[in-house]
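Have a look at the structure below before the remarks.
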Amino acid sequence: MTNYMRFDLEGVVPEEGAPAPDRLIAGAPQFLTWNLEEAPGGIFTGVWQATPGKWRISYDEWEYFHILEGHSIVTEDGGTPIHLKAGDRLILRPGFNGTWEVVETTRKDYVIRL
């Protein structure tokens, strides 16, 4: 085993998902998640993709992500919309509540700490 990991999706079967019905605001977004690693201390890393739609989000975890492609808008309750496109990075902290809107199918890589 090496002490590094590439974000290589080859051979990784993605999990399919969607927002919970009670969180859905618009559209019929579908998710694909390639879980690459679960490390000690509640740390997860992988790649996530979503098709267009809008839903409510509520974070108990800490997440750093980097947008690889697409266009999404993340808006904190009472805040200003943040337009995210390829190359953008963001950290969402525990306690973040708002909406995630996918305008164009979006793919991101992420690191989450529970």
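Just so we're on the same page: first chain in the structure tokens is A, next is B, and so on; residues restart at 1 for each chain, and ligands are numbered from 1 in the order they show up.
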Please build the interface table for stretch 6-92 of chain A against stretch 107-111 of chain A with a cut-off of 6 Å, listing for each qualifying residue the nearest atom pair and the distance in Å to one decimal; count only C-alpha atoms, order rows by chain and increasing number, and write it as a Markdown table.
```
| residue | atom | partner | partner_atom | distance |
| --- | --- | --- | --- | --- |
| A:Phe44 | CA | A:Val111 | CA | 5.7 |
| A:Thr45 | CA | A:Val111 | CA | 4.5 |
| A:Gly46 | CA | A:Tyr110 | CA | 5.6 |
| A:Val47 | CA | A:Asp109 | CA | 4.2 |
| A:Trp48 | CA | A:Lys108 | CA | 5.4 |
| A:Gln49 | CA | A:Arg107 | CA | 4.2 |
| A:Glu63 | CA | A:Val111 | CA | 5.7 |
| A:Tyr64 | CA | A:Val111 | CA | 5.4 |
| A:Phe65 | CA | A:Tyr110 | CA | 4.2 |
| A:His66 | CA | A:Lys108 | CA | 5.4 |
| A:Ile67 | CA | A:Lys108 | CA | 4.3 |
| A:Leu68 | CA | A:Lys108 | CA | 5.1 |
| A:Glu69 | CA | A:Arg107 | CA | 5.3 |
```
Kindly export the residues of the current selection with N, CA and C atoms, as a short mmCIF file (atom, residue, chain, number, x, y, z; two decimals), in the first residue's frame.
```cif
data_model
loop_
_atom_site.label_atom_id
_atom_site.label_comp_id
_atom_site.auth_asym_id
_atom_site.auth_seq_id
_atom_site.Cartn_x
_atom_site.Cartn_y
_atom_site.Cartn_z
N PHE A 44 -13.95 11.48 4.53
CA PHE A 44 -14.37 10.83 3.29
C PHE A 44 -13.90 11.67 2.12
N THR A 45 -13.57 11.01 1.02
CA THR A 45 -13.18 11.73 -0.18
C THR A 45 -13.71 11.01 -1.40
N GLY A 46 -13.99 11.78 -2.45
CA GLY A 46 -14.51 11.19 -3.67
C GLY A 46 -14.90 12.24 -4.68
N VAL A 47 -15.75 11.81 -5.59
CA VAL A 47 -16.25 12.68 -6.66
C VAL A 47 -17.76 12.55 -6.68
N TRP A 48 -18.44 13.67 -6.85
CA TRP A 48 -19.91 13.72 -6.85
C TRP A 48 -20.36 14.46 -8.09
N GLN A 49 -21.46 14.00 -8.67
CA GLN A 49 -22.03 14.64 -9.85
C GLN A 49 -23.53 14.75 -9.67
N GLU A 63 -17.11 20.38 4.77
CA GLU A 63 -16.78 19.89 3.43
C GLU A 63 -16.00 20.94 2.64
N TYR A 64 -14.90 20.49 2.06
CA TYR A 64 -14.15 21.26 1.06
C TYR A 64 -14.45 20.60 -0.28
N PHE A 65 -14.73 21.41 -1.30
CA PHE A 65 -14.89 20.84 -2.63
C PHE A 65 -14.34 21.76 -3.70
N HIS A 66 -14.07 21.14 -4.85
CA HIS A 66 -13.51 21.81 -6.02
C HIS A 66 -14.41 21.45 -7.20
N ILE A 67 -14.97 22.44 -7.85
CA ILE A 67 -15.85 22.20 -9.00
C ILE A 67 -15.00 21.84 -10.21
N LEU A 68 -15.28 20.69 -10.80
CA LEU A 68 -14.55 20.21 -11.96
C LEU A 68 -15.21 20.62 -13.26
N GLU A 69 -16.54 20.64 -13.26
CA GLU A 69 -17.28 21.05 -14.45
C GLU A 69 -18.71 21.40 -14.07
#
```
Extract, using only C-alpha atoms, all DNA, RNA and protein residues at most 10 Å from A:Asp60, discarding same-chain residues fewer than 5 positions from it, and format them as a ChimeraX atom specification.
/A:92-97,113-114
Take the residues just selected and output them with C-alpha atoms as a PDB file, in the first residue's frame.
```pdb
ATOM      1  CA  LEU A  92     -19.205  24.536   3.752  1.00  0.00           C
ATOM      2  CA  ARG A  93     -19.068  24.424   7.535  1.00  0.00           C
ATOM      3  CA  PRO A  94     -21.340  22.656   9.998  1.00  0.00           C
ATOM      4  CA  GLY A  95     -24.493  24.702  10.481  1.00  0.00           C
ATOM      5  CA  PHE A  96     -24.723  25.781   6.820  1.00  0.00           C
ATOM      6  CA  ASN A  97     -28.380  25.759   5.729  1.00  0.00           C
ATOM      7  CA  ARG A 113     -15.036  15.519   7.791  1.00  0.00           C
ATOM      8  CA  LEU A 114     -17.873  14.404  10.024  1.00  0.00           C
TER       9      LEU A 114
END
```
Rank A:Asn3, A:Gln30, A:Thr51, A:Ser58 by their smallest atom-to-atom distance to A:Val102, using only C-alpha atoms, and report the top residue only.
A:Thr51
If you count only C-alpha atoms, which residues fall within 7 Å of A:Thr75, apart from same-chain ones fewer than 2 positions away, as a PyMOL selection string?
chain A and resi 73+77+79-82+98-100
Give me, please, the distance in Å between atom CA of A:His71 and atom CA of A:Phe31, quoted to one decimal.
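Between atom CA of A:His71 and atom CA of A:Phe31 the gap is 14.8 Å.
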Nearest to A:Ile57 by atom-to-atom distance, counting only C-alpha atoms, from A:Pro40, A:Pro14, A:Pro19, A:Pro29
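Selected residue with least distance to A:Ile57: A:Pro19.
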Mind checking which residues fall within 8 Å of A:Leu24, counting only C-alpha atoms, ignoring those fewer than 3 positions away in the same chain, and posting them as a list in words?
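Final neighbour list, sorted by chain and number: Pro19, Ala20, Pro21, Gly27, Lys54, Trp55 and Arg56 of chain A.
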Kindly give the distance, in Å, that separates atom CA of A:Glu104 and atom CA of A:Gly17, rounded to a single decimal.
17.4 Å
Residues flagged strand (DSSP E) by DSSP in chain A, as a ChimeraX atom specification:
/A:15-17,24-27,31-39,43-50,53-58,62-76,82-85,89-92,97-113
Nearest residue to A:Glu15 from the set A:Leu84, A:Glu101, A:Asn35, A:Val74 (distances using only C-alpha atoms)
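The shortest atom-to-atom distance to A:Glu15 comes from A:Asn35.
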Select, from A:Gly11, A:Val103, A:Gly70, A:Leu32, the residue with the minimum atom-to-atom distance to A:Gly87, counting only C-alpha atoms.
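Closest candidate: A:Gly70.
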Distance criterion (only C-alpha atoms): nearest to A:Thr33 out of A:Met5, A:Ala86, A:Ala18, A:Ile91
A:Ala18
